[in-house]
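Source file start_2.pdb; content: PDB, C-alpha atoms.
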```
ATOM      1  CA  MET Y   1      -1.360 -25.789  10.744
ATOM      2  CA  ALA Y   2       1.928 -27.701  10.922
ATOM      3  CA  TYR Y   3       4.929 -26.367   9.038
ATOM      4  CA  ASP Y   4       8.133 -27.975   7.937
ATOM      5  CA  ASP Y   5      11.205 -25.829   7.305
ATOM      6  CA  LYS Y   6      10.748 -25.714   3.522
ATOM      7  CA  ASN Y   7       7.087 -24.668   3.656
ATOM      8  CA  LEU Y   8       7.827 -22.072   6.310
ATOM      9  CA  LEU Y   9      10.649 -20.558   4.264
ATOM     10  CA  ASN Y  10       8.457 -20.410   1.160
ATOM     11  CA  ASP Y  11       5.589 -18.780   3.062
ATOM     12  CA  ILE Y  12       7.891 -16.233   4.681
ATOM     13  CA  ALA Y  13       9.278 -15.331   1.258
ATOM     14  CA  GLU Y  14       5.693 -14.823   0.032
ATOM     15  CA  LEU Y  15       4.864 -12.810   3.161
ATOM     16  CA  ARG Y  16       7.822 -10.518   2.645
ATOM     17  CA  GLN Y  17       6.952 -10.018  -1.013
ATOM     18  CA  GLY Y  18       3.351  -9.158  -0.133
ATOM     19  CA  PHE Y  19       4.269  -6.643   2.532
ATOM     20  CA  ASP Y  20       6.963  -5.068   0.352
ATOM     21  CA  ALA Y  21       4.165  -4.434  -2.158
ATOM     22  CA  VAL Y  22       2.060  -2.859   0.617
ATOM     23  CA  LYS Y  23       4.947  -0.541   1.519
ATOM     24  CA  GLN Y  24       5.397   0.486  -2.116
ATOM     25  CA  GLU Y  25       1.733   1.437  -2.404
ATOM     26  CA  LEU Y  26       1.803   3.351   0.893
ATOM     27  CA  ALA Y  27       4.891   5.258  -0.317
ATOM     28  CA  LYS Y  28       2.786   6.715  -3.148
ATOM     29  CA  VAL Y  29       0.906   8.766  -0.537
ATOM     30  CA  ILE Y  30       2.972   8.754   2.672
ATOM     31  CA  VAL Y  31       6.331  10.520   2.592
ATOM     32  CA  GLY Y  32       8.868   9.130   5.063
ATOM     33  CA  GLN Y  33       7.626   7.529   8.311
ATOM     34  CA  GLU Y  34       9.233   4.208   7.260
ATOM     35  CA  ASP Y  35       9.748   3.073  10.851
ATOM     36  CA  VAL Y  36       6.138   3.896  11.760
ATOM     37  CA  ILE Y  37       4.887   1.926   8.746
ATOM     38  CA  ASP Y  38       7.066  -1.052   9.728
ATOM     39  CA  LYS Y  39       5.637  -1.008  13.248
ATOM     40  CA  VAL Y  40       2.022  -0.795  12.047
ATOM     41  CA  LEU Y  41       2.545  -3.678   9.615
ATOM     42  CA  SER Y  42       4.295  -5.724  12.327
ATOM     43  CA  ALA Y  43       1.315  -5.212  14.626
ATOM     44  CA  MET Y  44      -1.078  -6.339  11.910
ATOM     45  CA  LEU Y  45       1.032  -9.423  11.218
ATOM     46  CA  ALA Y  46       0.956 -10.258  14.913
ATOM     47  CA  GLY Y  47      -2.810  -9.701  15.082
ATOM     48  CA  GLY Y  48      -2.461  -6.730  17.452
ATOM     49  CA  HIS Y  49      -3.872  -3.222  17.619
ATOM     50  CA  CYS Y  50      -1.794  -0.086  17.236
ATOM     51  CA  LEU Y  51      -2.021   3.385  18.803
ATOM     52  CA  LEU Y  52      -0.384   6.263  16.924
ATOM     53  CA  LEU Y  53       0.629   9.261  19.025
ATOM     54  CA  GLY Y  54       1.580  12.648  17.605
ATOM     55  CA  VAL Y  55       0.574  16.251  17.239
ATOM     56  CA  PRO Y  56      -1.997  17.113  14.535
ATOM     57  CA  GLY Y  57      -0.715  17.259  10.965
ATOM     58  CA  LEU Y  58       1.746  14.338  10.981
ATOM     59  CA  ALA Y  59      -0.371  12.150   8.630
ATOM     60  CA  LYS Y  60      -1.586   9.722  11.308
ATOM     61  CA  THR Y  61      -5.097   9.569   9.891
ATOM     62  CA  LEU Y  62      -3.808   9.618   6.310
ATOM     63  CA  LEU Y  63      -1.563   6.632   7.006
ATOM     64  CA  VAL Y  64      -4.414   4.513   8.372
ATOM     65  CA  SER Y  65      -6.916   5.519   5.692
ATOM     66  CA  THR Y  66      -4.330   4.815   2.963
ATOM     67  CA  LEU Y  67      -3.685   1.412   4.510
ATOM     68  CA  GLY Y  68      -7.427   0.821   4.253
ATOM     69  CA  GLN Y  69      -7.160   1.498   0.521
ATOM     70  CA  VAL Y  70      -4.109  -0.725   0.014
ATOM     71  CA  LEU Y  71      -5.562  -3.715   1.875
ATOM     72  CA  ASP Y  72      -8.646  -5.331   0.359
ATOM     73  CA  LEU Y  73     -10.488  -5.197   3.704
ATOM     74  CA  ASP Y  74     -13.684  -3.647   4.973
ATOM     75  CA  PHE Y  75     -12.584  -0.280   6.384
ATOM     76  CA  LYS Y  76     -14.499   2.085   8.659
ATOM     77  CA  ARG Y  77     -13.646   5.242  10.551
ATOM     78  CA  ILE Y  78     -14.982   6.613  13.830
ATOM     79  CA  GLN Y  79     -14.280  10.234  14.679
ATOM     80  CA  PHE Y  80     -14.124  10.325  18.473
ATOM     81  CA  THR Y  81     -15.725  13.446  19.967
ATOM     82  CA  PRO Y  82     -16.828  14.422  23.504
ATOM     83  CA  ASP Y  83     -20.492  13.685  22.706
ATOM     84  CA  LEU Y  84     -19.874  10.232  21.163
ATOM     85  CA  MET Y  85     -21.919   7.481  22.872
ATOM     86  CA  PRO Y  86     -20.949   3.781  23.307
ATOM     87  CA  SER Y  87     -23.843   2.716  21.052
ATOM     88  CA  ASP Y  88     -22.371   4.896  18.276
ATOM     89  CA  ILE Y  89     -19.450   2.442  18.249
ATOM     90  CA  THR Y  90     -20.906  -0.979  19.003
ATOM     91  CA  GLY Y  91     -24.450  -0.590  17.662
ATOM     92  CA  THR Y  92     -27.915  -0.352  19.130
ATOM     93  CA  GLU Y  93     -31.252  -2.146  19.254
ATOM     94  CA  ILE Y  94     -34.188  -0.682  17.358
ATOM     95  CA  LEU Y  95     -37.857  -1.630  17.504
ATOM     96  CA  ASP Y  96     -38.958  -3.254  14.269
ATOM     97  CA  GLU Y  97     -42.636  -3.279  13.438
ATOM     98  CA  ALA Y  98     -43.853  -6.098  11.205
ATOM     99  CA  ALA Y  99     -46.207  -5.548   8.279
ATOM    100  CA  GLY Y 100     -49.661  -4.563   9.540
ATOM    101  CA  GLY Y 101     -48.289  -3.483  12.907
ATOM    102  CA  LEU Y 102     -49.364  -6.707  14.637
ATOM    103  CA  LYS Y 103     -45.929  -7.725  15.848
ATOM    104  CA  ARG Y 104     -42.948  -5.815  17.168
ATOM    105  CA  GLU Y 105     -39.477  -7.072  17.899
ATOM    106  CA  LEU Y 106     -36.077  -5.675  18.790
ATOM    107  CA  ARG Y 107     -33.390  -5.857  16.118
ATOM    108  CA  PHE Y 108     -29.686  -5.176  16.696
ATOM    109  CA  VAL Y 109     -28.181  -2.742  14.204
ATOM    110  CA  LYS Y 110     -24.421  -3.254  14.083
ATOM    111  CA  GLY Y 111     -22.172  -0.258  14.631
ATOM    112  CA  PRO Y 112     -18.996   0.704  12.761
ATOM    113  CA  VAL Y 113     -16.873  -1.587  14.986
ATOM    114  CA  PHE Y 114     -18.121  -4.487  12.837
ATOM    115  CA  THR Y 115     -15.391  -4.203  10.225
ATOM    116  CA  ASN Y 116     -11.933  -5.560   9.418
ATOM    117  CA  LEU Y 117      -9.913  -2.375   9.816
ATOM    118  CA  LEU Y 118     -11.231   0.294  12.184
ATOM    119  CA  LEU Y 119      -9.716   3.755  12.363
ATOM    120  CA  ALA Y 120     -10.424   5.187  15.811
ATOM    121  CA  ASP Y 121      -9.515   8.787  15.070
ATOM    122  CA  GLU Y 122      -8.480  10.979  18.023
ATOM    123  CA  ILE Y 123      -9.547   8.260  20.450
ATOM    124  CA  ASN Y 124      -8.636  10.351  23.502
ATOM    125  CA  ARG Y 125     -11.105  13.131  22.655
ATOM    126  CA  THR Y 126     -14.020  11.133  24.053
ATOM    127  CA  PRO Y 127     -14.729  10.426  27.756
ATOM    128  CA  PRO Y 128     -13.654   7.125  29.390
ATOM    129  CA  LYS Y 129     -17.230   5.755  29.335
ATOM    130  CA  THR Y 130     -17.226   5.766  25.541
ATOM    131  CA  GLN Y 131     -13.604   4.612  25.303
ATOM    132  CA  ALA Y 132     -14.598   1.569  27.369
ATOM    133  CA  ALA Y 133     -16.990   0.482  24.604
ATOM    134  CA  MET Y 134     -13.887  -0.660  22.696
ATOM    135  CA  LEU Y 135     -12.533  -2.954  25.431
ATOM    136  CA  GLU Y 136     -14.526  -6.114  24.668
ATOM    137  CA  ALA Y 137     -14.187  -5.664  20.906
ATOM    138  CA  MET Y 138     -10.403  -5.272  21.057
ATOM    139  CA  GLN Y 139      -9.754  -8.186  23.395
ATOM    140  CA  GLU Y 140     -12.546 -10.705  22.728
ATOM    141  CA  ARG Y 141     -13.256  -9.770  19.087
ATOM    142  CA  CYS Y 142     -16.971  -9.613  19.866
ATOM    143  CA  VAL Y 143     -19.722  -7.280  21.108
ATOM    144  CA  THR Y 144     -22.335  -8.203  23.710
ATOM    145  CA  ASN Y 145     -25.684  -6.443  23.507
ATOM    146  CA  GLY Y 146     -28.924  -7.398  25.196
ATOM    147  CA  GLY Y 147     -27.366 -10.598  26.497
ATOM    148  CA  LYS Y 148     -26.417 -11.741  22.988
ATOM    149  CA  ARG Y 149     -22.885 -12.126  21.679
ATOM    150  CA  TYR Y 150     -22.047 -10.871  18.204
ATOM    151  CA  GLU Y 151     -18.727 -11.953  16.670
ATOM    152  CA  LEU Y 152     -16.634  -9.394  14.812
ATOM    153  CA  PRO Y 153     -15.302 -10.122  11.311
ATOM    154  CA  SER Y 154     -11.873 -11.691  10.956
ATOM    155  CA  PRO Y 155      -9.292 -10.236  10.643
ATOM    156  CA  PHE Y 156     -10.058  -7.318  12.975
ATOM    157  CA  PHE Y 157      -7.653  -4.476  13.738
ATOM    158  CA  VAL Y 158      -8.004  -1.193  15.566
ATOM    159  CA  LEU Y 159      -5.584   1.487  14.431
ATOM    160  CA  ALA Y 160      -6.154   4.485  16.678
ATOM    161  CA  THR Y 161      -4.737   7.987  16.602
ATOM    162  CA  GLN Y 162      -4.176  10.063  19.724
ATOM    163  CA  ASN Y 163      -3.222  13.662  20.353
ATOM    164  CA  PRO Y 164      -0.733  14.471  23.129
ATOM    165  CA  ILE Y 165      -2.530  14.564  26.468
ATOM    166  CA  GLU Y 166      -1.303  18.095  27.121
ATOM    167  CA  GLN Y 167      -3.592  19.421  24.379
ATOM    168  CA  GLU Y 168      -7.026  20.907  25.115
ATOM    169  CA  GLY Y 169     -10.071  18.645  25.008
ATOM    170  CA  THR Y 170      -8.290  15.334  25.618
ATOM    171  CA  TYR Y 171      -8.974  12.592  28.157
ATOM    172  CA  PRO Y 172      -6.286  10.155  29.332
ATOM    173  CA  LEU Y 173      -6.876   6.594  28.141
ATOM    174  CA  PRO Y 174      -7.505   4.149  31.020
ATOM    175  CA  GLU Y 175      -4.724   1.645  31.708
ATOM    176  CA  ALA Y 176      -6.993  -1.256  30.668
ATOM    177  CA  GLN Y 177      -7.624   0.457  27.330
ATOM    178  CA  LEU Y 178      -3.926   1.161  26.744
ATOM    179  CA  ASP Y 179      -3.027  -2.448  27.506
ATOM    180  CA  ARG Y 180      -5.270  -3.613  24.652
ATOM    181  CA  PHE Y 181      -2.903  -1.938  22.178
ATOM    182  CA  MET Y 182       0.095  -3.987  21.138
ATOM    183  CA  PHE Y 183       2.117  -0.910  20.147
ATOM    184  CA  LEU Y 184       2.176   2.750  21.086
ATOM    185  CA  VAL Y 185       3.986   4.340  18.159
ATOM    186  CA  LYS Y 186       5.205   7.931  18.343
ATOM    187  CA  LEU Y 187       5.344  10.051  15.195
ATOM    188  CA  ASP Y 188       7.923  12.816  14.821
ATOM    189  CA  TYR Y 189       8.119  15.771  12.463
ATOM    190  CA  PRO Y 190       9.543  14.929   9.004
ATOM    191  CA  GLN Y 191      13.080  15.718   7.924
ATOM    192  CA  ARG Y 192      13.654  18.855   5.830
ATOM    193  CA  ASP Y 193      13.923  17.024   2.490
ATOM    194  CA  GLN Y 194      10.844  14.988   3.336
ATOM    195  CA  GLU Y 195       8.886  18.118   4.205
ATOM    196  CA  ILE Y 196       9.874  19.693   0.883
ATOM    197  CA  GLN Y 197       8.635  16.548  -0.891
ATOM    198  CA  ILE Y 198       5.365  16.683   1.051
ATOM    199  CA  LEU Y 199       4.795  20.307   0.020
ATOM    200  CA  SER Y 200       5.533  19.543  -3.627
ATOM    201  CA  GLN Y 201       3.414  16.381  -3.664
ATOM    202  CA  THR Y 202       0.302  17.736  -1.955
ATOM    203  CA  THR Y 203      -0.142  21.219  -3.441
ATOM    204  CA  GLY Y 204      -0.733  20.329  -7.084
ATOM    205  CA  HIS Y 205      -3.478  18.727  -9.161
ATOM    206  CA  THR Y 206      -1.950  15.235  -9.211
ATOM    207  CA  VAL Y 207      -3.566  12.793  -6.793
ATOM    208  CA  CYS Y 208      -1.878   9.435  -6.221
ATOM    209  CA  THR Y 209      -4.253   6.508  -5.756
ATOM    210  CA  PRO Y 210      -2.706   3.342  -4.292
ATOM    211  CA  ASP Y 211      -3.730  -0.090  -5.564
ATOM    212  CA  LYS Y 212      -5.129  -2.914  -3.443
ATOM    213  CA  VAL Y 213      -2.442  -5.555  -3.073
ATOM    214  CA  LEU Y 214      -3.426  -7.810  -0.149
ATOM    215  CA  ASN Y 215      -6.740  -9.323   0.968
ATOM    216  CA  GLY Y 216      -8.019 -10.588   4.295
ATOM    217  CA  GLU Y 217      -7.519 -14.258   3.473
ATOM    218  CA  ALA Y 218      -3.834 -13.714   2.702
ATOM    219  CA  LEU Y 219      -3.423 -11.611   5.837
ATOM    220  CA  LEU Y 220      -4.896 -14.330   8.062
ATOM    221  CA  ARG Y 221      -2.586 -16.874   6.458
ATOM    222  CA  PHE Y 222       0.448 -14.658   7.035
ATOM    223  CA  GLN Y 223      -0.561 -14.253  10.691
ATOM    224  CA  ASN Y 224      -0.489 -18.057  11.006
ATOM    225  CA  VAL Y 225       2.942 -18.092   9.370
ATOM    226  CA  VAL Y 226       4.272 -15.597  11.942
ATOM    227  CA  ARG Y 227       2.961 -17.672  14.845
ATOM    228  CA  ALA Y 228       4.575 -20.788  13.345
ATOM    229  CA  ILE Y 229       8.075 -19.268  13.470
ATOM    230  CA  PRO Y 230      10.057 -21.085  16.184
ATOM    231  CA  VAL Y 231      11.675 -19.114  19.001
ATOM    232  CA  SER Y 232      14.630 -20.398  21.000
ATOM    233  CA  ARG Y 233      14.414 -20.594  24.784
ATOM    234  CA  HIS Y 234      16.927 -17.813  25.407
ATOM    235  CA  VAL Y 235      14.826 -15.347  23.335
ATOM    236  CA  VAL Y 236      11.677 -16.371  25.241
ATOM    237  CA  SER Y 237      13.553 -15.874  28.503
ATOM    238  CA  TYR Y 238      14.757 -12.453  27.337
ATOM    239  CA  CYS Y 239      11.159 -11.329  26.677
ATOM    240  CA  ALA Y 240      10.090 -12.559  30.108
ATOM    241  CA  ASP Y 241      13.061 -10.863  31.825
ATOM    242  CA  LEU Y 242      12.331  -7.491  30.187
ATOM    243  CA  ALA Y 243       8.725  -7.596  31.422
ATOM    244  CA  ARG Y 244       9.581  -8.905  34.893
ATOM    245  CA  MET Y 245      12.402  -6.458  35.545
ATOM    246  CA  SER Y 246      10.178  -3.505  34.622
ATOM    247  CA  ARG Y 247       8.040  -4.075  37.756
ATOM    248  CA  PRO Y 248       9.125  -1.933  40.725
ATOM    249  CA  GLU Y 249       7.688  -4.405  43.266
ATOM    250  CA  SER Y 250       9.764  -7.269  41.840
ATOM    251  CA  SER Y 251      12.883  -8.384  43.702
ATOM    252  CA  GLU Y 252      14.581  -8.740  40.306
ATOM    253  CA  ALA Y 253      14.014  -5.096  39.348
ATOM    254  CA  PRO Y 254      17.039  -2.766  39.147
ATOM    255  CA  ASP Y 255      17.196   0.205  41.523
ATOM    256  CA  PHE Y 256      16.296   2.745  38.829
ATOM    257  CA  ILE Y 257      13.053   0.852  38.162
ATOM    258  CA  ARG Y 258      12.065   0.857  41.843
ATOM    259  CA  LYS Y 259      12.860   4.534  42.200
ATOM    260  CA  ASN Y 260      11.167   5.845  39.060
ATOM    261  CA  LEU Y 261       8.147   3.670  38.234
ATOM    262  CA  SER Y 262       4.738   3.340  39.902
ATOM    263  CA  TYR Y 263       4.032   0.112  38.028
ATOM    264  CA  GLY Y 264       5.565  -1.915  35.235
ATOM    265  CA  ALA Y 265       4.545  -4.200  32.401
ATOM    266  CA  GLY Y 266       2.358  -7.277  32.808
ATOM    267  CA  PRO Y 267       2.610 -10.692  31.098
ATOM    268  CA  ARG Y 268       0.872  -9.361  27.991
ATOM    269  CA  ALA Y 269       3.980  -7.254  27.340
ATOM    270  CA  GLY Y 270       6.086 -10.412  27.108
ATOM    271  CA  GLN Y 271       3.591 -11.955  24.696
ATOM    272  CA  TYR Y 272       3.678  -8.907  22.454
ATOM    273  CA  LEU Y 273       7.479  -8.667  22.616
ATOM    274  CA  MET Y 274       7.676 -12.229  21.275
ATOM    275  CA  LEU Y 275       5.067 -11.706  18.570
ATOM    276  CA  ALA Y 276       6.696  -8.436  17.495
ATOM    277  CA  ALA Y 277      10.083 -10.167  17.278
ATOM    278  CA  LYS Y 278       8.581 -12.937  15.133
ATOM    279  CA  ALA Y 279       6.930 -10.374  12.850
ATOM    280  CA  ALA Y 280      10.198  -8.415  12.536
ATOM    281  CA  ALA Y 281      12.067 -11.587  11.553
ATOM    282  CA  ALA Y 282       9.366 -12.507   9.019
ATOM    283  CA  LEU Y 283       9.404  -9.044   7.419
ATOM    284  CA  ASP Y 284      13.183  -9.436   7.140
ATOM    285  CA  GLY Y 285      12.744 -12.832   5.450
ATOM    286  CA  ARG Y 286      14.182 -14.856   8.360
ATOM    287  CA  VAL Y 287      12.955 -17.844  10.362
ATOM    288  CA  ASN Y 288      15.425 -17.306  13.200
ATOM    289  CA  VAL Y 289      14.351 -14.842  15.896
ATOM    290  CA  CYS Y 290      17.085 -13.141  17.914
ATOM    291  CA  CYS Y 291      17.164 -10.817  20.912
ATOM    292  CA  GLU Y 292      17.863  -7.875  18.606
ATOM    293  CA  ASP Y 293      14.410  -8.451  17.058
ATOM    294  CA  VAL Y 294      12.947  -8.114  20.565
ATOM    295  CA  ARG Y 295      14.788  -4.848  21.195
ATOM    296  CA  LYS Y 296      13.522  -3.350  17.924
ATOM    297  CA  SER Y 297       9.997  -3.034  19.309
ATOM    298  CA  ALA Y 298      10.695  -2.802  23.044
ATOM    299  CA  HIS Y 299       9.818   0.897  23.255
ATOM    300  CA  GLU Y 300       6.541   0.502  21.344
ATOM    301  CA  VAL Y 301       5.464  -2.470  23.499
ATOM    302  CA  LEU Y 302       6.551  -1.154  26.906
ATOM    303  CA  ARG Y 303       6.138   2.635  26.891
ATOM    304  CA  HIS Y 304       2.364   2.579  27.565
ATOM    305  CA  ARG Y 305       2.604  -0.254  30.096
ATOM    306  CA  MET Y 306       4.879   1.615  32.514
ATOM    307  CA  ALA Y 307       4.051   4.644  34.655
ATOM    308  CA  CYS Y 308       6.648   7.115  35.897
ATOM    309  CA  ASN Y 309       6.327   8.474  39.435
ATOM    310  CA  PHE Y 310       7.170  11.886  40.932
ATOM    311  CA  HIS Y 311      10.816  10.933  41.384
ATOM    312  CA  ALA Y 312      11.148  10.316  37.638
ATOM    313  CA  ALA Y 313       9.486  13.650  36.916
ATOM    314  CA  GLY Y 314      11.969  15.358  39.233
ATOM    315  CA  GLU Y 315      14.830  13.684  37.390
ATOM    316  CA  ASN Y 316      13.304  14.661  34.021
ATOM    317  CA  LEU Y 317      12.959  10.985  33.026
ATOM    318  CA  ASN Y 318      10.216   9.598  30.798
ATOM    319  CA  THR Y 319       9.304   5.998  29.994
ATOM    320  CA  ASP Y 320      11.446   5.942  26.829
ATOM    321  CA  ALA Y 321      14.541   6.921  28.813
ATOM    322  CA  ILE Y 322      13.797   4.250  31.416
ATOM    323  CA  ILE Y 323      13.316   1.623  28.680
ATOM    324  CA  ASP Y 324      16.742   2.585  27.304
ATOM    325  CA  MET Y 325      18.196   1.979  30.747
ATOM    326  CA  LEU Y 326      16.282  -1.297  31.074
ATOM    327  CA  LEU Y 327      17.620  -2.609  27.758
ATOM    328  CA  GLN Y 328      21.148  -1.908  28.970
ATOM    329  CA  ALA Y 329      20.513  -3.509  32.361
ATOM    330  CA  VAL Y 330      18.875  -6.755  31.208
ATOM    331  CA  PRO Y 331      21.477  -9.207  29.828
ATOM    332  CA  GLU Y 332      20.721 -11.726  27.107
ATOM    333  CA  PRO Y 333      20.153 -15.120  28.793
ATOM    334  CA  LYS Y 334      22.573 -17.911  27.988
ATOM    335  CA  ASN Y 335      19.785 -20.522  27.897
TER     336      ASN Y 335
END
```
Please lay out the structure from this file as structure tokens.
Amino acid sequence: MAYDDKNLLNDIAELRQGFDAVKQELAKVIVGQEDVIDKVLSAMLAGGHCLLLGVPGLAKTLLVSTLGQVLDLDFKRIQFTPDLMPSDITGTEILDEAAGGLKRELRFVKGPVFTNLLLADEINRTPPKTQAAMLEAMQERCVTNGGKRYELPSPFFVLATQNPIEQEGTYPLPEAQLDRFMFLVKLDYPQRDQEIQILSQTTGHTVCTPDKVLNGEALLRFQNVVRAIPVSRHVVSYCADLARMSRPESSEAPDFIRKNLSYGAGPRAGQYLMLAAKAAAALDGRVNVCCEDVRKSAHEVLRHRMACNFHAAGENLNTDAIIDMLLQAVPEPKN
């Protein structure tokens, strides 16, 4: 769809109004976590998936389930457990027997992945074999079974929660699985006043029920609006430079990258940096994307696409600290 400046400005104003309404409804249930909510909504606007990382009890599951109530979308939840099988996610074939028992045929019964908004709860509590069942769905938006291809509904989002890998009963997500997620968002403990509000709000008889304020058709249209936002060459170059200079084997990489990383971010990181910057500008009501918009989501895009080595561990450095150093080391291009 082609946009002129006037139509684009009008649609961005409508987009911002719609997502402000979503935030207001989420605030009825979720206390604080404004930055996390912004990142999740940015990922949805960009058509990406989001992985939420935090210890139990930080409202990760509540946030996603509440979002399922606020958005007029088909919503399903999968509780990932060690005994979960791939067919429990994608679906399975059953043998149908026709009336009279004269004819039998296989029929595919769709699994919970056939939805608009999928909550993959505690995704790292199931073995890699079952985690891999999500790969095709997340990237290709389809499921292949018995040689047949089944398209997933549109829009389709996976919002997954993950417990810290140091906890008992967790399996590390494969790199290919992590790369399917646009953002890895970390949740922290609430502030004192927020925790007091949580205690007051959740220990009485009053239950807040959010209203549905946005449907799938509007969401798809807003995704098209985000992709229509123009980006200047120097911002595109900045996204490319951040990804390229995160690779320790690259001649462009700074010394601290070569010393502390086993591998860096691939081209998909640059794509997601650009889309995240566009979404951030749209949520702010702007059509101009700047390098600051790129930096806003750099940690969420890059932290799961970089791997620290033993030298970094010895220096007590993690990926977030290295991303901070990378943002300081990479200059904004002049063209």
Result set of the PyMOL selection byres ((chain Y and resi 281) around 10) on the coordinates above, as a list in words: Ile12, Arg16, Ser42, Val226, Ile229, Leu275, Ala276, Ala277, Lys278, Ala279, Ala280, Ala282, Leu283, Asp284, Gly285, Arg286, Val287, Asn288, Val289, Cys290, Glu292, Asp293 and Val294 of chain Y
Nearest residue to His49 in chain Y from the set Y:Tyr272, Y:Phe108, Y:Tyr150, Y:Tyr263 (distances using only C-alpha atoms):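 Of Y:Tyr272, Y:Phe108, Y:Tyr150, Y:Tyr263, the one nearest His49 in chain Y, counting only C-alpha atoms, is Y:Tyr272.
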Surrounding residues of range 151-167 of chain Y excluding itself and chain neighbours under 3 positions, 8 Å, all atoms listed in the file, as a PyMOL selection string: chain Y and resi 44+47-56+60-61+64+113-124+137-138+141-143+170-172+216+219-220
Among the residues Y:Asn224, Y:Asn10, Y:Ser237, Y:Thr319, the one that comes closest to Leu45 in chain Y [using all atoms listed in the file]: Y:Asn224
d(CA of Leu187 in chain Y, CA of His304 in chain Y) in Å: 14.8 Å
One-decimal distance in Å that lies between CA of Met306 in chain Y and CA of Tyr238 in chain Y: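 For CA of Tyr238 in chain Y relative to CA of Met306 in chain Y, the distance reads 18.0 Å.
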For Tyr189 in chain Y, the nearest of the candidates Y:Val31, Y:Asp255, Y:Ala307, Y:Leu71, counting all atoms listed in the file: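 Using all atoms listed in the file, the shortest distance to Tyr189 in chain Y belongs to Y:Val31.
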Expected residue set, 12 Å radius at (9.7, 10.2, 2.8), all atoms listed in the file, as a VMD selection string: chain Y and resid 23 to 24 26 to 37 59 189 to 199 201
Minimum-distance residue to Val185 in chain Y, chosen among Y:Gln69, Y:Ala298, Y:Gly18, Y:Ala46 (using all atoms listed in the file): Y:Ala298
Residue among Y:Glu332, Y:Glu249, Y:Asp324, Y:Glu217 lying closest to Leu73 in chain Y, counting all atoms listed in the file: Y:Glu217
Atom pair CA of Ala228 in chain Y / CA of Lys334 in chain Y: separation (Å): 23.4 Å
